[in-house]
Amino acid sequence: MGRRPVAAALLCAIVSALPALRPRKNTIACADPLAAQDFTLKYVGGLWTDQLVDGGNGSCANIKWVNFSPDDPHNANNTQFHWHFVETSRKPTGPMSLVQLHGYQEWLHGNLSEAANPADELADMHMTLAAGSLDPFAELYRRDGVPFSPRARFIPAENLTLYSVLVEIPHGILVEIVSDTFASYDGPTVASGADDCAPRKIPTANAAYFARLRTIEPYGAESLPPVWPYSMSYASTTPAEAAAFVERHMGGLVVDQELPAACGAEIAIGLNHFVGSDPYPFYIQWLHHPRAKRGYMDLAGIEAYLEALHGNLTEDNYDQYMDDHLGMEAVVRGDDSFGAFVGEWRDANVEWFHRMASWDGVDSFLGAPGGVILETMVAEANGTRFDLPIVNWDICSPLPAPLPKIPVPGAAR
């Protein structure tokens with residue numbers, strides 16, 4: 001159903017008033033940050049970098065960072081991009097620990113080499129990076145016996161075949177790397193336009209995008225091609241609602257995929273395009289495959305669990321699963337930029353909380369439908385103009401008492 005003209009005009013005005021955002025980091029809640037960091041450095045790329053959080057070297061938490069920020073003259077905004085693997089044992093998880101959830105995901109995904117497309121509903125949850133070529137990655141995976149899933153699809157709007165490899169970071173954490181170049185591709189044959197229900201409008205998929213990436217010199221442990229954030233995918237039972245939330249409160253424009261009505265039984269897609277990282281645009285996609293394989297904890301149950309665990313975000317009861325969040329950074333710095341977001345969130349009565357950033361700024365956290373945490377980062381802002389209290393990061397604080405009582409997903413109610 002289309003928006004009414006007046007409502008659409010009002011929403012466009014709100015979205016255009018929000019500062020442009022670009023990807024700054026993925027923080028990934030995981031049970032074994034060291035294993036995740038080691039795998040990433042060898043098989044995905046990036047550089048080791050020291051984590052800067054007090055207490056994050058084992059005394060209060062286990063935090064490991066990877067830096068994907070090569071010296072790239074084409075990166076006009078001179079931004080950075082990191083992955084932060086985090087295990088904060090002093091924060092609650094409820095009865096479902098990170099070990100349980102990620103072990104479940106690992107079991108549900110199975111051996112990635114046995115299927116071109118993992119058929120489970122949680123496989124839609126993955127981070128995607130772009131590279132100039134996939135051949136060095138595939139060669140490394142084949143050499144070391146790392147299971148991976150090669151895939152390909154044709155993008156009619158760009159007359160482009162988009163290849164990808166999907167690998168699993170310990171444990172159960174999926175990452176996809178995409179490119180327009182994969183000479184040794186041996187996956188399923190690509191049929192132009194054969195899948196009427198595939199995404200049709202991918203904002204970043206064009207030949208110039210990947211050609212620019214090929215100008216960056218290799219670096220890292222295995223001299224892999226440099227990678228850069230391409231998209232973030234979330235498994236969601238309400239993709240349209242989630243995409244509308246991000247458009248309204250973070251300024252990521254909804255891109256309608258214009259799928260035939262008959263596709264509703266197979267897939268639902270919501271997509272938000274962020275232009276702030278130009279010349280490397282970025283998008284978030286929300287995916288639901290109603291007929292996908294389910295295990296004993298289905299997606300709807302996990303979403304309900306996370307929403308219950310997070311509670312009212314304004315109350316700021318930080319839990320371990322909140323460490324799973326995408327961090328988007330405002331291109332324009334300072335309190336004027338921050339104020340545009342604060343004004344929108346307060347006017348809309350959105351639940352959110354904040355932390356004062358150690359790098360001089362304010363980090364704000366919102367909860368999208370399904371318990372998904374999203375972070376908006378504004379550098380050189382202090383929030384004093386908006387009566388914002390000073391709240392610093394404290395990963396060493398004890399567990400709350402009493403602990404939240406939440407049923408495990410799939411448990412009898």
# chains A, B, ... in the order shown; residues from 1 in each chain; ligands from 1
call {"tool": "residues_around", "arguments": {"residues": "Ser69 (chain A)", "least_positions_apart": "3", "cutoff": "12 Å", "atoms": "only C-alpha atoms", "output": "list of chain:residue names"}}
result
A:Pro23, A:Arg24, A:Lys25, A:Gly45, A:Gly46, A:Leu47, A:Trp48, A:Thr49, A:Val66, A:Asp72, A:Pro73, A:Asn75, A:Asn77, A:Asn78, A:Thr79, A:Gln80, A:Phe81, A:His82, A:Trp83, A:Ile216, A:Glu217, A:Pro218, A:Tyr219, A:Gly220, A:Pro226, A:Val227, A:Trp228, A:Pro229
call {"tool": "residues_around", "arguments": {"residues": "Cys60 (chain A)", "least_positions_apart": "2", "cutoff": "12 Å", "atoms": "only C-alpha atoms", "output": "list in words"}}
result
Val53, Asp54, Gly55, Gly56, Asn57, Gly58, Asn62, Ile63, Val86, Glu87, Thr88, Ser89, Arg90, Lys91, Asp394, Ile395, Cys396, Ser397, Pro398 and Leu399 of chain A
call {"tool": "write_last_selection", "arguments": {"atoms": "C-alpha atoms", "output": "PDB file, in the first residue's frame"}}
result
ATOM      1  CA  VAL A  53      37.929   0.181  26.112  1.00  0.00           C
ATOM      2  CA  ASP A  54      38.904   0.226  29.805  1.00  0.00           C
ATOM      3  CA  GLY A  55      38.544  -3.286  31.198  1.00  0.00           C
ATOM      4  CA  GLY A  56      38.249  -4.823  27.716  1.00  0.00           C
ATOM      5  CA  ASN A  57      41.435  -6.900  27.873  1.00  0.00           C
ATOM      6  CA  GLY A  58      39.992  -9.542  30.157  1.00  0.00           C
ATOM      7  CA  ASN A  62      37.002  -9.676  26.278  1.00  0.00           C
ATOM      8  CA  ILE A  63      37.125  -7.272  23.318  1.00  0.00           C
ATOM      9  CA  VAL A  86      32.796  -8.292  22.265  1.00  0.00           C
ATOM     10  CA  GLU A  87      32.046 -10.630  25.165  1.00  0.00           C
ATOM     11  CA  THR A  88      30.896  -8.743  28.276  1.00  0.00           C
ATOM     12  CA  SER A  89      30.253 -11.399  30.886  1.00  0.00           C
ATOM     13  CA  ARG A  90      29.209  -8.824  33.491  1.00  0.00           C
ATOM     14  CA  LYS A  91      26.115  -7.939  31.480  1.00  0.00           C
ATOM     15  CA  ASP A 394      31.230   1.199  32.195  1.00  0.00           C
ATOM     16  CA  ILE A 395      31.699  -2.429  31.217  1.00  0.00           C
ATOM     17  CA  CYS A 396      32.870  -3.315  34.724  1.00  0.00           C
ATOM     18  CA  SER A 397      29.605  -2.594  36.525  1.00  0.00           C
ATOM     19  CA  PRO A 398      28.075  -5.674  38.197  1.00  0.00           C
ATOM     20  CA  LEU A 399      25.089  -7.629  36.947  1.00  0.00           C
TER      21      LEU A 399
END
call {"tool": "closest_residue", "arguments": {"among": "A:Pro150, A:Gly103, A:Pro290, A:Pro19", "to": "Arg333 (chain A)", "atoms": "only C-alpha atoms"}}
result
A:Pro19
call {"tool": "residues_around", "arguments": {"residues": "Leu224 (chain A)", "least_positions_apart": "4", "cutoff": "12 Å", "atoms": "only C-alpha atoms", "output": "PyMOL selection string"}}
result
chain A and resi 40-47+68+131-141+177+214+216-220
call {"tool": "write_last_selection", "arguments": {"atoms": "N, CA, C and O atoms", "output": "mmCIF file, in the first residue's frame"}}
result
data_model
loop_
_atom_site.group_PDB
_atom_site.id
_atom_site.type_symbol
_atom_site.label_atom_id
_atom_site.label_comp_id
_atom_site.auth_asym_id
_atom_site.auth_seq_id
_atom_site.Cartn_x
_atom_site.Cartn_y
_atom_site.Cartn_z
ATOM 1 N N THR A 40 38.963 -13.758 11.190
ATOM 2 C CA THR A 40 38.755 -12.590 10.336
ATOM 3 C C THR A 40 40.059 -12.119 9.710
ATOM 4 O O THR A 40 40.135 -11.850 8.506
ATOM 5 N N LEU A 41 41.105 -11.989 10.520
ATOM 6 C CA LEU A 41 42.378 -11.481 10.015
ATOM 7 C C LEU A 41 42.952 -12.388 8.926
ATOM 8 O O LEU A 41 43.557 -11.889 7.961
ATOM 9 N N LYS A 42 42.763 -13.687 9.049
ATOM 10 C CA LYS A 42 43.343 -14.617 8.082
ATOM 11 C C LYS A 42 42.461 -14.812 6.859
ATOM 12 O O LYS A 42 42.964 -14.879 5.727
ATOM 13 N N TYR A 43 41.138 -14.871 7.047
ATOM 14 C CA TYR A 43 40.262 -15.298 5.953
ATOM 15 C C TYR A 43 39.323 -14.229 5.418
ATOM 16 O O TYR A 43 38.664 -14.445 4.400
ATOM 17 N N VAL A 44 39.252 -13.083 6.068
ATOM 18 C CA VAL A 44 38.415 -11.991 5.576
ATOM 19 C C VAL A 44 39.269 -10.772 5.230
ATOM 20 O O VAL A 44 39.071 -10.116 4.215
ATOM 21 N N GLY A 45 40.225 -10.489 6.084
ATOM 22 C CA GLY A 45 41.107 -9.349 5.849
ATOM 23 C C GLY A 45 41.121 -8.412 7.040
ATOM 24 O O GLY A 45 40.697 -8.744 8.137
ATOM 25 N N GLY A 46 41.629 -7.218 6.805
ATOM 26 C CA GLY A 46 41.721 -6.245 7.875
ATOM 27 C C GLY A 46 43.043 -6.333 8.605
ATOM 28 O O GLY A 46 43.882 -7.210 8.367
ATOM 29 N N LEU A 47 43.241 -5.422 9.518
ATOM 30 C CA LEU A 47 44.461 -5.331 10.303
ATOM 31 C C LEU A 47 44.136 -5.404 11.785
ATOM 32 O O LEU A 47 43.125 -4.856 12.237
ATOM 33 N N PHE A 68 39.424 -2.206 9.078
ATOM 34 C CA PHE A 68 39.321 -2.336 7.621
ATOM 35 C C PHE A 68 39.515 -0.983 6.938
ATOM 36 O O PHE A 68 38.750 -0.623 6.041
ATOM 37 N N ALA A 131 34.776 -6.472 -2.364
ATOM 38 C CA ALA A 131 36.186 -6.590 -2.736
ATOM 39 C C ALA A 131 36.320 -6.470 -4.247
ATOM 40 O O ALA A 131 35.353 -6.680 -4.990
ATOM 41 N N GLY A 132 37.529 -6.163 -4.713
ATOM 42 C CA GLY A 132 37.758 -6.043 -6.146
ATOM 43 C C GLY A 132 37.703 -7.371 -6.875
ATOM 44 O O GLY A 132 37.397 -7.433 -8.057
ATOM 45 N N SER A 133 38.009 -8.469 -6.177
ATOM 46 C CA SER A 133 37.965 -9.809 -6.755
ATOM 47 C C SER A 133 37.764 -10.820 -5.638
ATOM 48 O O SER A 133 38.245 -10.630 -4.512
ATOM 49 N N LEU A 134 37.080 -11.924 -5.960
ATOM 50 C CA LEU A 134 36.866 -12.989 -4.983
ATOM 51 C C LEU A 134 37.836 -14.149 -5.163
ATOM 52 O O LEU A 134 37.902 -15.044 -4.312
ATOM 53 N N ASP A 135 38.606 -14.162 -6.231
ATOM 54 C CA ASP A 135 39.490 -15.297 -6.492
ATOM 55 C C ASP A 135 40.507 -15.534 -5.388
ATOM 56 O O ASP A 135 40.708 -16.690 -4.982
ATOM 57 N N PRO A 136 41.182 -14.511 -4.839
ATOM 58 C CA PRO A 136 42.134 -14.785 -3.747
ATOM 59 C C PRO A 136 41.468 -15.381 -2.509
ATOM 60 O O PRO A 136 42.069 -16.217 -1.823
ATOM 61 N N PHE A 137 40.245 -14.980 -2.210
ATOM 62 C CA PHE A 137 39.523 -15.538 -1.064
ATOM 63 C C PHE A 137 39.210 -17.010 -1.300
ATOM 64 O O PHE A 137 39.471 -17.866 -0.440
ATOM 65 N N ALA A 138 38.640 -17.331 -2.465
ATOM 66 C CA ALA A 138 38.278 -18.711 -2.765
ATOM 67 C C ALA A 138 39.509 -19.609 -2.802
ATOM 68 O O ALA A 138 39.479 -20.751 -2.328
ATOM 69 N N GLU A 139 40.599 -19.113 -3.348
ATOM 70 C CA GLU A 139 41.844 -19.897 -3.390
ATOM 71 C C GLU A 139 42.322 -20.221 -1.979
ATOM 72 O O GLU A 139 42.742 -21.357 -1.693
ATOM 73 N N LEU A 140 42.247 -19.242 -1.076
ATOM 74 C CA LEU A 140 42.659 -19.448 0.311
ATOM 75 C C LEU A 140 41.739 -20.446 1.010
ATOM 76 O O LEU A 140 42.205 -21.337 1.738
ATOM 77 N N TYR A 141 40.427 -20.314 0.804
ATOM 78 C CA TYR A 141 39.484 -21.221 1.454
ATOM 79 C C TYR A 141 39.686 -22.659 0.962
ATOM 80 O O TYR A 141 39.639 -23.612 1.756
ATOM 81 N N ILE A 177 31.193 -11.807 1.193
ATOM 82 C CA ILE A 177 32.065 -10.900 0.438
ATOM 83 C C ILE A 177 31.588 -10.922 -1.003
ATOM 84 O O ILE A 177 31.407 -11.999 -1.593
ATOM 85 N N ARG A 214 39.529 -2.104 -6.811
ATOM 86 C CA ARG A 214 40.720 -2.776 -7.339
ATOM 87 C C ARG A 214 41.940 -1.866 -7.395
ATOM 88 O O ARG A 214 43.049 -2.326 -7.666
ATOM 89 N N ILE A 216 43.036 -0.275 -4.780
ATOM 90 C CA ILE A 216 43.644 -0.271 -3.450
ATOM 91 C C ILE A 216 44.588 -1.458 -3.326
ATOM 92 O O ILE A 216 44.232 -2.589 -3.660
ATOM 93 N N GLU A 217 45.785 -1.223 -2.836
ATOM 94 C CA GLU A 217 46.784 -2.272 -2.719
ATOM 95 C C GLU A 217 46.395 -3.282 -1.634
ATOM 96 O O GLU A 217 45.875 -2.908 -0.589
ATOM 97 N N PRO A 218 46.678 -4.581 -1.872
ATOM 98 C CA PRO A 218 46.398 -5.603 -0.851
ATOM 99 C C PRO A 218 47.207 -5.358 0.418
ATOM 100 O O PRO A 218 48.294 -4.774 0.384
ATOM 101 N N TYR A 219 46.695 -5.820 1.524
ATOM 102 C CA TYR A 219 47.386 -5.713 2.803
ATOM 103 C C TYR A 219 46.850 -6.823 3.705
ATOM 104 O O TYR A 219 45.920 -7.527 3.339
ATOM 105 N N GLY A 220 47.407 -6.975 4.870
ATOM 106 C CA GLY A 220 46.918 -7.968 5.816
ATOM 107 C C GLY A 220 47.694 -9.269 5.747
ATOM 108 O O GLY A 220 48.638 -9.433 4.962
#
call {"tool": "residues_around", "arguments": {"residues": "region 241-258 of chain A", "least_positions_apart": "5", "cutoff": "9 Å", "atoms": "only C-alpha atoms", "output": "PyMOL selection string"}}
result
chain A and resi 11-12+14-21+198-203+236+269-275+283-286+328+341+344-345+348+350+366+368-370+374+376
call {"tool": "select_by_dssp", "arguments": {"residues": "region 51-126 of chain A", "states": "strand (DSSP E)", "output": "number ranges by chain"}}
result
A: 62-67, 82-87, 126
call {"tool": "write_last_selection", "arguments": {"atoms": "N, CA, C and O atoms", "output": "PDB file, in the first residue's frame"}}
result
ATOM      1  N   ASN A  62      36.034  -9.233  27.275  1.00  0.00           N
ATOM      2  CA  ASN A  62      37.002  -9.676  26.278  1.00  0.00           C
ATOM      3  C   ASN A  62      36.632  -9.010  24.964  1.00  0.00           C
ATOM      4  O   ASN A  62      35.587  -9.325  24.380  1.00  0.00           O
ATOM      5  N   ILE A  63      37.447  -8.073  24.505  1.00  0.00           N
ATOM      6  CA  ILE A  63      37.125  -7.272  23.318  1.00  0.00           C
ATOM      7  C   ILE A  63      38.298  -7.336  22.340  1.00  0.00           C
ATOM      8  O   ILE A  63      39.450  -7.122  22.728  1.00  0.00           O
ATOM      9  N   LYS A  64      38.008  -7.612  21.078  1.00  0.00           N
ATOM     10  CA  LYS A  64      39.021  -7.676  20.030  1.00  0.00           C
ATOM     11  C   LYS A  64      38.552  -6.856  18.832  1.00  0.00           C
ATOM     12  O   LYS A  64      37.394  -6.957  18.418  1.00  0.00           O
ATOM     13  N   TRP A  65      39.470  -6.068  18.259  1.00  0.00           N
ATOM     14  CA  TRP A  65      39.132  -5.191  17.140  1.00  0.00           C
ATOM     15  C   TRP A  65      39.863  -5.606  15.871  1.00  0.00           C
ATOM     16  O   TRP A  65      40.987  -6.103  15.907  1.00  0.00           O
ATOM     17  N   VAL A  66      39.207  -5.338  14.731  1.00  0.00           N
ATOM     18  CA  VAL A  66      39.810  -5.479  13.409  1.00  0.00           C
ATOM     19  C   VAL A  66      39.535  -4.193  12.636  1.00  0.00           C
ATOM     20  O   VAL A  66      38.405  -3.698  12.624  1.00  0.00           O
ATOM     21  N   ASN A  67      40.568  -3.673  11.980  1.00  0.00           N
ATOM     22  CA  ASN A  67      40.469  -2.404  11.261  1.00  0.00           C
ATOM     23  C   ASN A  67      40.468  -2.655   9.758  1.00  0.00           C
ATOM     24  O   ASN A  67      41.409  -3.259   9.219  1.00  0.00           O
ATOM     25  N   HIS A  82      35.553  -0.529  11.355  1.00  0.00           N
ATOM     26  CA  HIS A  82      36.069  -1.566  12.230  1.00  0.00           C
ATOM     27  C   HIS A  82      35.029  -2.646  12.455  1.00  0.00           C
ATOM     28  O   HIS A  82      33.826  -2.407  12.320  1.00  0.00           O
ATOM     29  N   TRP A  83      35.514  -3.839  12.846  1.00  0.00           N
ATOM     30  CA  TRP A  83      34.692  -4.827  13.523  1.00  0.00           C
ATOM     31  C   TRP A  83      35.178  -4.924  14.953  1.00  0.00           C
ATOM     32  O   TRP A  83      36.393  -5.014  15.206  1.00  0.00           O
ATOM     33  N   HIS A  84      34.245  -4.912  15.899  1.00  0.00           N
ATOM     34  CA  HIS A  84      34.556  -5.059  17.319  1.00  0.00           C
ATOM     35  C   HIS A  84      33.872  -6.321  17.830  1.00  0.00           C
ATOM     36  O   HIS A  84      32.641  -6.374  17.904  1.00  0.00           O
ATOM     37  N   PHE A  85      34.648  -7.358  18.141  1.00  0.00           N
ATOM     38  CA  PHE A  85      34.107  -8.596  18.718  1.00  0.00           C
ATOM     39  C   PHE A  85      34.115  -8.445  20.236  1.00  0.00           C
ATOM     40  O   PHE A  85      35.158  -8.165  20.834  1.00  0.00           O
ATOM     41  N   VAL A  86      32.956  -8.651  20.855  1.00  0.00           N
ATOM     42  CA  VAL A  86      32.796  -8.292  22.265  1.00  0.00           C
ATOM     43  C   VAL A  86      32.108  -9.422  23.044  1.00  0.00           C
ATOM     44  O   VAL A  86      31.091  -9.967  22.605  1.00  0.00           O
ATOM     45  N   GLU A  87      32.679  -9.736  24.202  1.00  0.00           N
ATOM     46  CA  GLU A  87      32.046 -10.630  25.165  1.00  0.00           C
ATOM     47  C   GLU A  87      32.108  -9.942  26.524  1.00  0.00           C
ATOM     48  O   GLU A  87      33.186  -9.771  27.102  1.00  0.00           O
ATOM     49  N   HIS A 126      23.550 -11.478   8.245  1.00  0.00           N
ATOM     50  CA  HIS A 126      24.962 -11.521   7.892  1.00  0.00           C
ATOM     51  C   HIS A 126      25.480 -10.135   7.516  1.00  0.00           C
ATOM     52  O   HIS A 126      24.727  -9.260   7.099  1.00  0.00           O
TER      53      HIS A 126
END
call {"tool": "atom_distance", "arguments": {"atom1": "CA of His109 (chain A)", "atom2": "CA of Thr128 (chain A)"}}
result
16.8 Å
call {"tool": "select_by_dssp", "arguments": {"residues": "region 72-233 of chain A", "states": "helix (DSSP H, G or I)", "output": "PyMOL selection string"}}
result
chain A and resi 98-109+112-114+121-124+135-144+156-158+207-213
call {"tool": "write_last_selection", "arguments": {"atoms": "N, CA, C and O atoms", "output": "short mmCIF file (atom, residue, chain, number, x, y, z; two decimals), in the first residue's frame"}}
result
data_model
loop_
_atom_site.label_atom_id
_atom_site.label_comp_id
_atom_site.auth_asym_id
_atom_site.auth_seq_id
_atom_site.Cartn_x
_atom_site.Cartn_y
_atom_site.Cartn_z
N LEU A 98 25.12 -16.35 24.92
CA LEU A 98 25.69 -16.19 23.58
C LEU A 98 26.19 -17.53 23.04
O LEU A 98 26.07 -17.81 21.85
N VAL A 99 26.76 -18.35 23.93
CA VAL A 99 27.22 -19.67 23.51
C VAL A 99 26.06 -20.49 22.97
O VAL A 99 26.17 -21.16 21.93
N GLN A 100 24.92 -20.43 23.64
CA GLN A 100 23.75 -21.19 23.19
C GLN A 100 23.23 -20.69 21.84
O GLN A 100 22.97 -21.47 20.93
N LEU A 101 23.07 -19.37 21.71
CA LEU A 101 22.51 -18.83 20.48
C LEU A 101 23.44 -19.05 19.30
O LEU A 101 23.02 -19.51 18.23
N HIS A 102 24.73 -18.76 19.46
CA HIS A 102 25.65 -18.90 18.34
C HIS A 102 25.92 -20.37 18.01
O HIS A 102 26.12 -20.71 16.84
N GLY A 103 25.90 -21.23 19.03
CA GLY A 103 25.99 -22.66 18.74
C GLY A 103 24.78 -23.14 17.97
O GLY A 103 24.89 -23.98 17.06
N TYR A 104 23.61 -22.62 18.31
CA TYR A 104 22.39 -22.96 17.58
C TYR A 104 22.47 -22.49 16.13
O TYR A 104 22.12 -23.23 15.20
N GLN A 105 22.95 -21.27 15.92
CA GLN A 105 23.08 -20.75 14.56
C GLN A 105 24.06 -21.60 13.76
O GLN A 105 23.81 -21.91 12.58
N GLU A 106 25.17 -21.99 14.36
CA GLU A 106 26.16 -22.81 13.68
C GLU A 106 25.56 -24.15 13.26
O GLU A 106 25.77 -24.62 12.14
N TRP A 107 24.79 -24.76 14.16
CA TRP A 107 24.12 -26.03 13.84
C TRP A 107 23.09 -25.84 12.73
O TRP A 107 22.99 -26.67 11.81
N LEU A 108 22.33 -24.76 12.80
CA LEU A 108 21.27 -24.53 11.82
C LEU A 108 21.84 -24.27 10.44
O LEU A 108 21.31 -24.74 9.43
N HIS A 109 22.94 -23.52 10.36
CA HIS A 109 23.55 -23.22 9.06
C HIS A 109 24.11 -24.48 8.40
O HIS A 109 24.07 -24.62 7.18
N LEU A 112 28.57 -24.97 5.08
CA LEU A 112 28.29 -23.99 4.01
C LEU A 112 28.69 -24.51 2.64
O LEU A 112 28.17 -24.04 1.62
N SER A 113 29.62 -25.45 2.58
CA SER A 113 30.06 -25.95 1.28
C SER A 113 29.03 -26.88 0.64
O SER A 113 29.16 -27.22 -0.54
N GLU A 114 28.03 -27.28 1.39
CA GLU A 114 27.06 -28.24 0.87
C GLU A 114 25.85 -27.60 0.21
O GLU A 114 24.99 -28.30 -0.31
N GLU A 121 16.30 -19.78 8.11
CA GLU A 121 15.81 -18.41 8.19
C GLU A 121 16.79 -17.46 8.87
O GLU A 121 16.71 -16.25 8.67
N LEU A 122 17.74 -17.97 9.66
CA LEU A 122 18.70 -17.10 10.32
C LEU A 122 19.89 -16.77 9.44
O LEU A 122 20.71 -15.91 9.79
N ALA A 123 20.02 -17.43 8.27
CA ALA A 123 21.11 -17.12 7.35
C ALA A 123 20.97 -15.72 6.76
O ALA A 123 21.93 -15.17 6.21
N ASP A 124 19.77 -15.16 6.85
CA ASP A 124 19.59 -13.78 6.37
C ASP A 124 20.31 -12.77 7.26
O ASP A 124 20.41 -11.60 6.90
N ASP A 135 38.61 -14.16 -6.23
CA ASP A 135 39.49 -15.30 -6.49
C ASP A 135 40.51 -15.53 -5.39
O ASP A 135 40.71 -16.69 -4.98
N PRO A 136 41.18 -14.51 -4.84
CA PRO A 136 42.13 -14.78 -3.75
C PRO A 136 41.47 -15.38 -2.51
O PRO A 136 42.07 -16.22 -1.82
N PHE A 137 40.25 -14.98 -2.21
CA PHE A 137 39.52 -15.54 -1.06
C PHE A 137 39.21 -17.01 -1.30
O PHE A 137 39.47 -17.87 -0.44
N ALA A 138 38.64 -17.33 -2.46
CA ALA A 138 38.28 -18.71 -2.77
C ALA A 138 39.51 -19.61 -2.80
O ALA A 138 39.48 -20.75 -2.33
N GLU A 139 40.60 -19.11 -3.35
CA GLU A 139 41.84 -19.90 -3.39
C GLU A 139 42.32 -20.22 -1.98
O GLU A 139 42.74 -21.36 -1.69
N LEU A 140 42.25 -19.24 -1.08
CA LEU A 140 42.66 -19.45 0.31
C LEU A 140 41.74 -20.45 1.01
O LEU A 140 42.21 -21.34 1.74
N TYR A 141 40.43 -20.31 0.80
CA TYR A 141 39.48 -21.22 1.45
C TYR A 141 39.69 -22.66 0.96
O TYR A 141 39.64 -23.61 1.76
N ARG A 142 39.91 -22.82 -0.33
CA ARG A 142 40.13 -24.16 -0.88
C ARG A 142 41.44 -24.74 -0.35
O ARG A 142 41.51 -25.94 -0.03
N ARG A 143 42.45 -23.93 -0.26
CA ARG A 143 43.75 -24.39 0.24
C ARG A 143 43.66 -24.90 1.66
O ARG A 143 44.23 -25.95 2.00
N ASP A 144 42.92 -24.17 2.51
CA ASP A 144 42.87 -24.49 3.93
C ASP A 144 41.64 -25.30 4.34
O ASP A 144 41.45 -25.58 5.52
N PRO A 156 19.86 -6.91 -13.28
CA PRO A 156 19.47 -6.37 -14.59
C PRO A 156 19.70 -4.87 -14.72
O PRO A 156 20.12 -4.39 -15.78
N ALA A 157 19.42 -4.11 -13.67
CA ALA A 157 19.53 -2.65 -13.77
C ALA A 157 20.95 -2.19 -14.08
O ALA A 157 21.15 -1.13 -14.67
N GLU A 158 21.95 -2.98 -13.68
CA GLU A 158 23.35 -2.61 -13.92
C GLU A 158 24.01 -3.49 -14.98
O GLU A 158 25.19 -3.31 -15.27
N ALA A 207 29.72 -1.50 -11.90
CA ALA A 207 31.09 -1.84 -12.27
C ALA A 207 32.09 -0.82 -11.72
O ALA A 207 33.20 -1.20 -11.31
N ALA A 208 31.74 0.46 -11.71
CA ALA A 208 32.66 1.49 -11.24
C ALA A 208 33.01 1.31 -9.76
O ALA A 208 34.14 1.57 -9.33
N TYR A 209 32.02 0.86 -8.99
CA TYR A 209 32.23 0.62 -7.55
C TYR A 209 33.36 -0.38 -7.34
O TYR A 209 34.29 -0.15 -6.56
N PHE A 210 33.28 -1.52 -8.04
CA PHE A 210 34.28 -2.57 -7.84
C PHE A 210 35.61 -2.20 -8.50
O PHE A 210 36.67 -2.57 -7.99
N ALA A 211 35.56 -1.49 -9.61
CA ALA A 211 36.80 -1.04 -10.24
C ALA A 211 37.59 -0.14 -9.30
O ALA A 211 38.83 -0.21 -9.25
N ARG A 212 36.89 0.70 -8.56
CA ARG A 212 37.57 1.58 -7.61
C ARG A 212 38.25 0.78 -6.51
O ARG A 212 39.36 1.09 -6.08
N LEU A 213 37.59 -0.30 -6.06
CA LEU A 213 38.19 -1.13 -5.02
C LEU A 213 39.47 -1.81 -5.51
O LEU A 213 40.39 -2.05 -4.72
#
call {"tool": "residues_around", "arguments": {"residues": "Tyr321 (chain A)", "least_positions_apart": "2", "cutoff": "8 Å", "atoms": "only C-alpha atoms", "output": "list in words"}}
result
Ala29, Thr93, Leu98, Leu306, Asp319, Asp323 and Asp324 of chain A
call {"tool": "atom_distance", "arguments": {"atom1": "CA of Ala261 (chain A)", "atom2": "CA of Ala300 (chain A)"}}
result
22.9 Å
call {"tool": "closest_atom_pairs", "arguments": {"of": "region 83-143 of chain A", "to": "region 309-313 of chain A", "cutoff": "10 Å", "atoms": "only C-alpha atoms", "output": "CSV"}}
result
residue,atom,partner,partner_atom,distance
A:Pro92,CA,A:Leu309,CA,8.7
A:Thr93,CA,A:Leu309,CA,7.5
A:Gly94,CA,A:Leu309,CA,6.9
A:Pro95,CA,A:Leu309,CA,10.0
